[in-house]
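Student: Take this structure, written in structure tokens, and hold onto it; I'll ask about it next.
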Amino acid sequence: MNIAFRFILIVSLWSCIGSLSAQDDAMQIFARAENLRKSNNFIAAIDEYERAIALQPENPRFPFSKGMCYFTLKDYDNAVMAFEETSKLKSDFVPAYTMMAKSYQALERFVKVEESLDLAFKFEMNDKKRMAYKESIIKMLFDQKNFEKALRHINDAKALNPNSLNILYYEASIHNSKGNYEAAKQAMVTATNAIPVKDPKKVARFYYELGYAYNKLGEYEKSSEAFKYANFGPYKSLIAKLSPKFYTTAAICYMRINHFEKSKEMLHTALKMQPNFSQAYVFLSNISKKEANQNVALDELKKAASVESDPKNLANIYKNMAQIQLDNGLYQEAISSAETYLKSEPKNYQVLFIKGIAQYHLKDFKQALVTLDNVANTPGLDVESSSKFYFALGLAYWDVKDFKMAKNCLKRAQYGPYKSVSTMLYEEVETEEKNNTNKKS
């Protein structure tokens, strides 16, 4: 063996010994760091982990444990950096992704939470845990009403377990919120067929979504049957909103603002639910009377206006004409009659309301919003009149997609007979607003 070869061999041996020594030293330092962490001495533990990392930078356990210290100290930014360092060293280190998700959750960086849990799902081998990660993502997106993203993750989860009750529930609830009632029904039929009990305390949320889907599909008998098992806790009031009585109450609210088509739609829905609901027929009759051709009455009022000399009496004639013209869908004529009256009494909120509703029906939303806003802000209004005016104003803002103002007005309309329907419409506006925001993003 020549001298050069011996020298190389000795250097190699010393290098190996040095490397083994560094590893031994790193593990000893790591053990001290772990003891410090377990005794809640986190700052000192972090220093020791740094020393171990310097000696053995390829070991993923070191930055992970350091990250756990930062997480316990609520230093979430540094925790994320440590967990990211761990995942770079070992891409399938699942706890790094789950802790990363918790750190991002604390920082309210929800897109990163989704990404982290999705990586945990990718590398996890245990199917039960994989479902748990997906369910966490879906719940977060569901709570945020980010339905499109949630549905994509639901598809992943269903590929793993197509009969998961929680996943089917989220799927149905999302589809109901989006108006995809047939898809919601199918999801809940699958879920309820798999549930062995029908105790409302345990199954109310599933049967509510099923009953809601049936209701919106016009399958009222099946809806009523499903609601028997959902009539519990918070679902009682939700079910009440889908009853003939509720639809009739809503119809009255629409009728009072001369939205006859919507009112009739509500009343016919009530009758489909309960054909012997006599109250609905009474209100349909009232609408028919208002919509009936009243040309003869209008001609008589026009004759009266042509010969009346007393300004006050003349104004009242035009007020009556404006109301009849509004009821008969003669919107431009109603505006003209209202404006004639308002020349003598410009702040009469009842006639201003007639004018605003006529403008609304003509889809002159810009002018309607100005008129109805003036009416709704009339000083000294009684609660019922104020609710009525804000209800109409909220619908007008909704039509022009001003969701913020629509919600504000509908919130102010939540009193007396307008409370239930305004609350329901507020929720619908909020859902549409969030769906629009998600589409833009």
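Naming scheme: A, B, ... for chains in displayed order of the structure tokens; residues 1 onward per chain; ligands 1 onward as shown.
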Just the helix (DSSP H, G or I) stuff from region 237-334 of chain A, please, per backbone DSSP, written as a count of residues only.

Tutor: 79

Student: Which residues are close to region 371-379 of chain A, i.e. within 12 Å by only C-alpha atoms, leaving aside same-chain residues fewer than 3 positions away? Reply as a PDB file with N, CA and C atoms, in the first residue's frame.

Tutor:
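And here's selection-v1.pdb as it stands now:
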ATOM      1  N   ILE A 257     -97.335  46.271  -1.888  1.00  0.00           N
ATOM      2  CA  ILE A 257     -96.486  47.161  -2.691  1.00  0.00           C
ATOM      3  C   ILE A 257     -96.802  46.991  -4.180  1.00  0.00           C
ATOM      4  N   ILE A 335     -98.050  57.766 -12.609  1.00  0.00           N
ATOM      5  CA  ILE A 335     -97.007  58.757 -12.291  1.00  0.00           C
ATOM      6  C   ILE A 335     -97.528  60.161 -12.588  1.00  0.00           C
ATOM      7  N   ALA A 338    -100.080  61.153  -9.965  1.00  0.00           N
ATOM      8  CA  ALA A 338     -99.396  61.382  -8.686  1.00  0.00           C
ATOM      9  C   ALA A 338     -98.674  62.723  -8.698  1.00  0.00           C
ATOM     10  N   GLU A 339     -98.006  63.030  -9.803  1.00  0.00           N
ATOM     11  CA  GLU A 339     -97.281  64.301  -9.890  1.00  0.00           C
ATOM     12  C   GLU A 339     -98.228  65.497  -9.845  1.00  0.00           C
ATOM     13  N   PRO A 346     -96.474  68.231  -1.885  1.00  0.00           N
ATOM     14  CA  PRO A 346     -95.283  67.522  -2.387  1.00  0.00           C
ATOM     15  C   PRO A 346     -94.688  66.489  -1.434  1.00  0.00           C
ATOM     16  N   LYS A 347     -95.064  66.528  -0.158  1.00  0.00           N
ATOM     17  CA  LYS A 347     -94.455  65.599   0.800  1.00  0.00           C
ATOM     18  C   LYS A 347     -95.399  64.477   1.244  1.00  0.00           C
ATOM     19  N   ASN A 348     -96.488  64.304   0.541  1.00  0.00           N
ATOM     20  CA  ASN A 348     -97.415  63.231   0.914  1.00  0.00           C
ATOM     21  C   ASN A 348     -96.774  61.880   0.586  1.00  0.00           C
ATOM     22  N   TYR A 349     -96.403  61.141   1.626  1.00  0.00           N
ATOM     23  CA  TYR A 349     -95.617  59.923   1.405  1.00  0.00           C
ATOM     24  C   TYR A 349     -96.432  58.806   0.746  1.00  0.00           C
ATOM     25  N   GLN A 350     -97.755  58.820   0.933  1.00  0.00           N
ATOM     26  CA  GLN A 350     -98.566  57.768   0.305  1.00  0.00           C
ATOM     27  C   GLN A 350     -98.584  57.913  -1.222  1.00  0.00           C
ATOM     28  N   VAL A 351     -98.700  59.157  -1.685  1.00  0.00           N
ATOM     29  CA  VAL A 351     -98.727  59.408  -3.129  1.00  0.00           C
ATOM     30  C   VAL A 351     -97.319  59.277  -3.715  1.00  0.00           C
ATOM     31  N   LEU A 352     -96.324  59.716  -2.976  1.00  0.00           N
ATOM     32  CA  LEU A 352     -94.946  59.509  -3.415  1.00  0.00           C
ATOM     33  C   LEU A 352     -94.650  58.011  -3.580  1.00  0.00           C
ATOM     34  N   PHE A 353     -95.216  57.224  -2.681  1.00  0.00           N
ATOM     35  CA  PHE A 353     -95.016  55.767  -2.767  1.00  0.00           C
ATOM     36  C   PHE A 353     -95.649  55.209  -4.035  1.00  0.00           C
ATOM     37  N   ILE A 354     -96.856  55.681  -4.375  1.00  0.00           N
ATOM     38  CA  ILE A 354     -97.511  55.260  -5.616  1.00  0.00           C
ATOM     39  C   ILE A 354     -96.606  55.578  -6.809  1.00  0.00           C
ATOM     40  N   LYS A 355     -96.062  56.773  -6.807  1.00  0.00           N
ATOM     41  CA  LYS A 355     -95.173  57.198  -7.895  1.00  0.00           C
ATOM     42  C   LYS A 355     -93.924  56.303  -7.966  1.00  0.00           C
ATOM     43  N   GLY A 356     -93.318  56.046  -6.805  1.00  0.00           N
ATOM     44  CA  GLY A 356     -92.101  55.229  -6.756  1.00  0.00           C
ATOM     45  C   GLY A 356     -92.334  53.799  -7.223  1.00  0.00           C
ATOM     46  N   ILE A 357     -93.482  53.229  -6.827  1.00  0.00           N
ATOM     47  CA  ILE A 357     -93.795  51.852  -7.237  1.00  0.00           C
ATOM     48  C   ILE A 357     -94.068  51.796  -8.746  1.00  0.00           C
ATOM     49  N   ALA A 358     -94.736  52.826  -9.278  1.00  0.00           N
ATOM     50  CA  ALA A 358     -94.980  52.875 -10.731  1.00  0.00           C
ATOM     51  C   ALA A 358     -93.647  52.967 -11.479  1.00  0.00           C
ATOM     52  N   GLN A 359     -92.732  53.785 -10.982  1.00  0.00           N
ATOM     53  CA  GLN A 359     -91.403  53.895 -11.603  1.00  0.00           C
ATOM     54  C   GLN A 359     -90.664  52.557 -11.535  1.00  0.00           C
ATOM     55  N   TYR A 360     -90.819  51.874 -10.418  1.00  0.00           N
ATOM     56  CA  TYR A 360     -90.181  50.568 -10.245  1.00  0.00           C
ATOM     57  C   TYR A 360     -90.697  49.564 -11.277  1.00  0.00           C
ATOM     58  N   ASP A 364     -87.666  51.911 -14.250  1.00  0.00           N
ATOM     59  CA  ASP A 364     -86.902  53.161 -14.157  1.00  0.00           C
ATOM     60  C   ASP A 364     -86.288  53.186 -12.752  1.00  0.00           C
ATOM     61  N   PHE A 365     -85.316  52.285 -12.556  1.00  0.00           N
ATOM     62  CA  PHE A 365     -84.797  52.053 -11.204  1.00  0.00           C
ATOM     63  C   PHE A 365     -84.108  53.287 -10.615  1.00  0.00           C
ATOM     64  N   LYS A 366     -83.445  54.065 -11.464  1.00  0.00           N
ATOM     65  CA  LYS A 366     -82.742  55.248 -10.958  1.00  0.00           C
ATOM     66  C   LYS A 366     -83.718  56.207 -10.281  1.00  0.00           C
ATOM     67  N   GLN A 367     -84.830  56.505 -10.965  1.00  0.00           N
ATOM     68  CA  GLN A 367     -85.826  57.410 -10.387  1.00  0.00           C
ATOM     69  C   GLN A 367     -86.598  56.743  -9.244  1.00  0.00           C
ATOM     70  N   ALA A 368     -86.880  55.455  -9.403  1.00  0.00           N
ATOM     71  CA  ALA A 368     -87.624  54.736  -8.358  1.00  0.00           C
ATOM     72  C   ALA A 368     -86.844  54.747  -7.041  1.00  0.00           C
ATOM     73  N   ASP A 382     -94.964  55.492  11.161  1.00  0.00           N
ATOM     74  CA  ASP A 382     -95.225  54.370  12.058  1.00  0.00           C
ATOM     75  C   ASP A 382     -94.416  53.171  11.583  1.00  0.00           C
ATOM     76  N   VAL A 383     -94.233  52.190  12.477  1.00  0.00           N
ATOM     77  CA  VAL A 383     -93.347  51.054  12.204  1.00  0.00           C
ATOM     78  C   VAL A 383     -93.796  50.269  10.976  1.00  0.00           C
ATOM     79  N   GLU A 384     -95.087  50.030  10.848  1.00  0.00           N
ATOM     80  CA  GLU A 384     -95.569  49.211   9.730  1.00  0.00           C
ATOM     81  C   GLU A 384     -95.341  49.910   8.397  1.00  0.00           C
ATOM     82  N   SER A 385     -95.620  51.217   8.330  1.00  0.00           N
ATOM     83  CA  SER A 385     -95.397  51.959   7.086  1.00  0.00           C
ATOM     84  C   SER A 385     -93.915  51.994   6.738  1.00  0.00           C
ATOM     85  N   SER A 386     -93.067  52.231   7.744  1.00  0.00           N
ATOM     86  CA  SER A 386     -91.621  52.266   7.526  1.00  0.00           C
ATOM     87  C   SER A 386     -91.133  50.923   6.984  1.00  0.00           C
ATOM     88  N   SER A 387     -91.621  49.811   7.565  1.00  0.00           N
ATOM     89  CA  SER A 387     -91.225  48.473   7.115  1.00  0.00           C
ATOM     90  C   SER A 387     -91.652  48.236   5.666  1.00  0.00           C
ATOM     91  N   LYS A 388     -92.851  48.656   5.353  1.00  0.00           N
ATOM     92  CA  LYS A 388     -93.379  48.502   3.990  1.00  0.00           C
ATOM     93  C   LYS A 388     -92.504  49.242   2.978  1.00  0.00           C
ATOM     94  N   PHE A 389     -92.142  50.474   3.307  1.00  0.00           N
ATOM     95  CA  PHE A 389     -91.365  51.286   2.370  1.00  0.00           C
ATOM     96  C   PHE A 389     -89.944  50.744   2.214  1.00  0.00           C
ATOM     97  N   TYR A 390     -89.342  50.320   3.319  1.00  0.00           N
ATOM     98  CA  TYR A 390     -87.986  49.768   3.230  1.00  0.00           C
ATOM     99  C   TYR A 390     -87.989  48.403   2.521  1.00  0.00           C
ATOM    100  N   PHE A 391     -89.085  47.679   2.663  1.00  0.00           N
ATOM    101  CA  PHE A 391     -89.232  46.403   1.947  1.00  0.00           C
ATOM    102  C   PHE A 391     -89.199  46.650   0.440  1.00  0.00           C
ATOM    103  N   ALA A 392     -89.976  47.612  -0.020  1.00  0.00           N
ATOM    104  CA  ALA A 392     -90.012  47.943  -1.446  1.00  0.00           C
ATOM    105  C   ALA A 392     -88.659  48.472  -1.915  1.00  0.00           C
ATOM    106  N   LEU A 393     -88.034  49.322  -1.106  1.00  0.00           N
ATOM    107  CA  LEU A 393     -86.745  49.902  -1.468  1.00  0.00           C
ATOM    108  C   LEU A 393     -85.663  48.822  -1.544  1.00  0.00           C
ATOM    109  N   GLY A 394     -85.728  47.859  -0.626  1.00  0.00           N
ATOM    110  CA  GLY A 394     -84.768  46.747  -0.640  1.00  0.00           C
ATOM    111  C   GLY A 394     -84.866  45.923  -1.910  1.00  0.00           C
ATOM    112  N   LEU A 395     -86.105  45.666  -2.363  1.00  0.00           N
ATOM    113  CA  LEU A 395     -86.296  44.917  -3.617  1.00  0.00           C
ATOM    114  C   LEU A 395     -85.727  45.684  -4.804  1.00  0.00           C
ATOM    115  N   ALA A 396     -85.917  47.004  -4.801  1.00  0.00           N
ATOM    116  CA  ALA A 396     -85.403  47.821  -5.909  1.00  0.00           C
ATOM    117  C   ALA A 396     -83.876  47.792  -5.945  1.00  0.00           C
ATOM    118  N   TYR A 397     -83.246  47.910  -4.788  1.00  0.00           N
ATOM    119  CA  TYR A 397     -81.778  47.845  -4.740  1.00  0.00           C
ATOM    120  C   TYR A 397     -81.281  46.458  -5.162  1.00  0.00           C
ATOM    121  N   MET A 405     -76.867  47.903  -0.090  1.00  0.00           N
ATOM    122  CA  MET A 405     -78.038  48.723   0.211  1.00  0.00           C
ATOM    123  C   MET A 405     -79.298  47.862   0.326  1.00  0.00           C
ATOM    124  N   ALA A 406     -79.393  46.819  -0.502  1.00  0.00           N
ATOM    125  CA  ALA A 406     -80.553  45.921  -0.420  1.00  0.00           C
ATOM    126  C   ALA A 406     -80.624  45.278   0.958  1.00  0.00           C
ATOM    127  N   CYS A 409     -81.660  47.858   3.644  1.00  0.00           N
ATOM    128  CA  CYS A 409     -83.102  48.174   3.624  1.00  0.00           C
ATOM    129  C   CYS A 409     -83.935  47.006   4.141  1.00  0.00           C
ATOM    130  N   LEU A 410     -83.590  45.784   3.718  1.00  0.00           N
ATOM    131  CA  LEU A 410     -84.360  44.620   4.171  1.00  0.00           C
ATOM    132  C   LEU A 410     -84.192  44.401   5.668  1.00  0.00           C
ATOM    133  N   ARG A 412     -83.900  46.809   7.809  1.00  0.00           N
ATOM    134  CA  ARG A 412     -84.753  47.830   8.431  1.00  0.00           C
ATOM    135  C   ARG A 412     -86.234  47.541   8.222  1.00  0.00           C
ATOM    136  N   ALA A 413     -86.535  46.567   7.343  1.00  0.00           N
ATOM    137  CA  ALA A 413     -87.933  46.187   7.104  1.00  0.00           C
ATOM    138  C   ALA A 413     -88.379  45.027   7.977  1.00  0.00           C
TER     139      ALA A 413
END

Student: Point out the residue among A:Ser164, A:Asn155, A:Asn215, A:Asn78 with the least atom-to-atom distance to Lys185 (chain A), counting only C-alpha atoms.

Tutor: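 So, comparing all the options, the nearest one is A:Asn215.
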
Student: Please provide as a PyMOL selection string all residues within 9 Å of Ala183 (chain A), with the sequence filter that same-chain residues fewer than 5 positions apart are discarded (counting only C-alpha atoms).

Tutor: chain A and resi 171-172+175-176+188+213

Student: What separation in Å, quoted to one decimal, exists between CA of Leu36 (chain A) and CA of Tyr97 (chain A)?

Tutor: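 According to the coordinates, CA of Leu36 (chain A) and CA of Tyr97 (chain A) are separated by 24.0 Å.
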
Student: To one decimal place, how far is CA of Asp127 (chain A) from CA of Leu141 (chain A) in Å?

Tutor: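 Between CA of Asp127 (chain A) and CA of Leu141 (chain A) the gap is 21.2 Å.
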
Student: Which one of A:Leu425, A:Ala132, A:Val80, A:Ala226 sits closest to Leu107 (chain A) if you count only C-alpha atoms?

Tutor: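 When distances to Leu107 (chain A) are compared using only C-alpha atoms, the smallest one comes from A:Val80.
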
Student: Got a sec: who's within 7 Å of Met266 (chain A), counting only C-alpha atoms, leaving out chain neighbours fewer than 2 positions off, as a list in words?

Tutor: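 Selected residues are Tyr247, Thr248, Ala251, Lys262, Ser263, Lys264, His268, Thr269 and Ala270 of chain A.
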
Student: What is the CA of Pro244 (chain A) to CA of Tyr281 (chain A) distance in Å?

Tutor: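 Going from CA of Pro244 (chain A) over to CA of Tyr281 (chain A), I get 11.8 Å.
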
Student: For Met255 (chain A), find every residue with an atom within 10 Å (counting only C-alpha atoms), except residues of its own chain fewer than 3 positions away, and show them as a ChimeraX atom specification.

Tutor: /A:249-252,258-264,283-284,286-287,290

Student: Can you write just those residues out, N, CA and C atoms, as a PDB file, in the first residue's frame?

Tutor:
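So selection-v1.pdb came out as:
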ATOM      1  N   THR A 249     -98.462  34.996   3.998  1.00  0.00           N
ATOM      2  CA  THR A 249     -97.980  36.233   4.636  1.00  0.00           C
ATOM      3  C   THR A 249     -97.071  36.996   3.686  1.00  0.00           C
ATOM      4  N   ALA A 250     -96.157  36.275   3.029  1.00  0.00           N
ATOM      5  CA  ALA A 250     -95.261  36.906   2.054  1.00  0.00           C
ATOM      6  C   ALA A 250     -96.059  37.508   0.903  1.00  0.00           C
ATOM      7  N   ALA A 251     -97.108  36.790   0.466  1.00  0.00           N
ATOM      8  CA  ALA A 251     -97.948  37.275  -0.633  1.00  0.00           C
ATOM      9  C   ALA A 251     -98.607  38.599  -0.266  1.00  0.00           C
ATOM     10  N   ILE A 252     -99.050  38.715   0.979  1.00  0.00           N
ATOM     11  CA  ILE A 252     -99.686  39.957   1.435  1.00  0.00           C
ATOM     12  C   ILE A 252     -98.693  41.113   1.366  1.00  0.00           C
ATOM     13  N   ASN A 258     -98.005  46.474  -4.459  1.00  0.00           N
ATOM     14  CA  ASN A 258     -98.509  46.308  -5.831  1.00  0.00           C
ATOM     15  C   ASN A 258     -97.620  45.419  -6.694  1.00  0.00           C
ATOM     16  N   HIS A 259     -96.965  44.459  -6.071  1.00  0.00           N
ATOM     17  CA  HIS A 259     -96.195  43.466  -6.829  1.00  0.00           C
ATOM     18  C   HIS A 259     -97.099  42.238  -6.962  1.00  0.00           C
ATOM     19  N   PHE A 260     -98.149  42.385  -7.788  1.00  0.00           N
ATOM     20  CA  PHE A 260     -99.213  41.388  -7.844  1.00  0.00           C
ATOM     21  C   PHE A 260     -98.744  40.045  -8.404  1.00  0.00           C
ATOM     22  N   GLU A 261     -97.861  40.069  -9.392  1.00  0.00           N
ATOM     23  CA  GLU A 261     -97.403  38.812  -9.984  1.00  0.00           C
ATOM     24  C   GLU A 261     -96.677  37.948  -8.951  1.00  0.00           C
ATOM     25  N   LYS A 262     -95.796  38.576  -8.180  1.00  0.00           N
ATOM     26  CA  LYS A 262     -95.082  37.832  -7.140  1.00  0.00           C
ATOM     27  C   LYS A 262     -96.043  37.360  -6.063  1.00  0.00           C
ATOM     28  N   SER A 263     -97.007  38.213  -5.728  1.00  0.00           N
ATOM     29  CA  SER A 263     -97.998  37.850  -4.716  1.00  0.00           C
ATOM     30  C   SER A 263     -98.807  36.628  -5.161  1.00  0.00           C
ATOM     31  N   LYS A 264     -99.243  36.623  -6.423  1.00  0.00           N
ATOM     32  CA  LYS A 264    -100.016  35.490  -6.935  1.00  0.00           C
ATOM     33  C   LYS A 264     -99.170  34.217  -6.975  1.00  0.00           C
ATOM     34  N   PHE A 283    -107.230  36.071  -0.780  1.00  0.00           N
ATOM     35  CA  PHE A 283    -106.285  37.096  -1.230  1.00  0.00           C
ATOM     36  C   PHE A 283    -106.135  37.107  -2.745  1.00  0.00           C
ATOM     37  N   LEU A 284    -106.286  35.944  -3.394  1.00  0.00           N
ATOM     38  CA  LEU A 284    -106.292  35.928  -4.858  1.00  0.00           C
ATOM     39  C   LEU A 284    -107.491  36.708  -5.387  1.00  0.00           C
ATOM     40  N   ASN A 286    -108.900  39.233  -3.808  1.00  0.00           N
ATOM     41  CA  ASN A 286    -108.606  40.663  -3.586  1.00  0.00           C
ATOM     42  C   ASN A 286    -107.721  41.227  -4.698  1.00  0.00           C
ATOM     43  N   ILE A 287    -106.726  40.420  -5.130  1.00  0.00           N
ATOM     44  CA  ILE A 287    -105.856  40.879  -6.214  1.00  0.00           C
ATOM     45  C   ILE A 287    -106.654  41.015  -7.504  1.00  0.00           C
ATOM     46  N   LYS A 290    -108.454  44.238  -7.592  1.00  0.00           N
ATOM     47  CA  LYS A 290    -107.573  45.373  -7.854  1.00  0.00           C
ATOM     48  C   LYS A 290    -107.154  45.431  -9.316  1.00  0.00           C
TER      49      LYS A 290
END

Student: Of the residues A:Glu135, A:Glu182, A:Glu124, A:Glu34, which is the one nearest to Lys216 (chain A), using only C-alpha atoms?

Tutor: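 The closest residue to Lys216 (chain A) is A:Glu182.
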
Student: Looking at only C-alpha atoms, which of A:Asp327, A:Phe64, A:Ser420, A:Phe110 is the one that sits closest to Arg256 (chain A)?

Tutor: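 Ranking A:Asp327, A:Phe64, A:Ser420, A:Phe110 by distance to Arg256 (chain A), first place goes to A:Asp327.
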
Student: Considering only C-alpha atoms, can you say which of A:Glu291, A:Glu225, A:Glu84, A:Glu209 comes closest to Leu238 (chain A)?

Tutor: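 Of A:Glu291, A:Glu225, A:Glu84, A:Glu209, the one nearest Leu238 (chain A) is A:Glu209, counting only C-alpha atoms.
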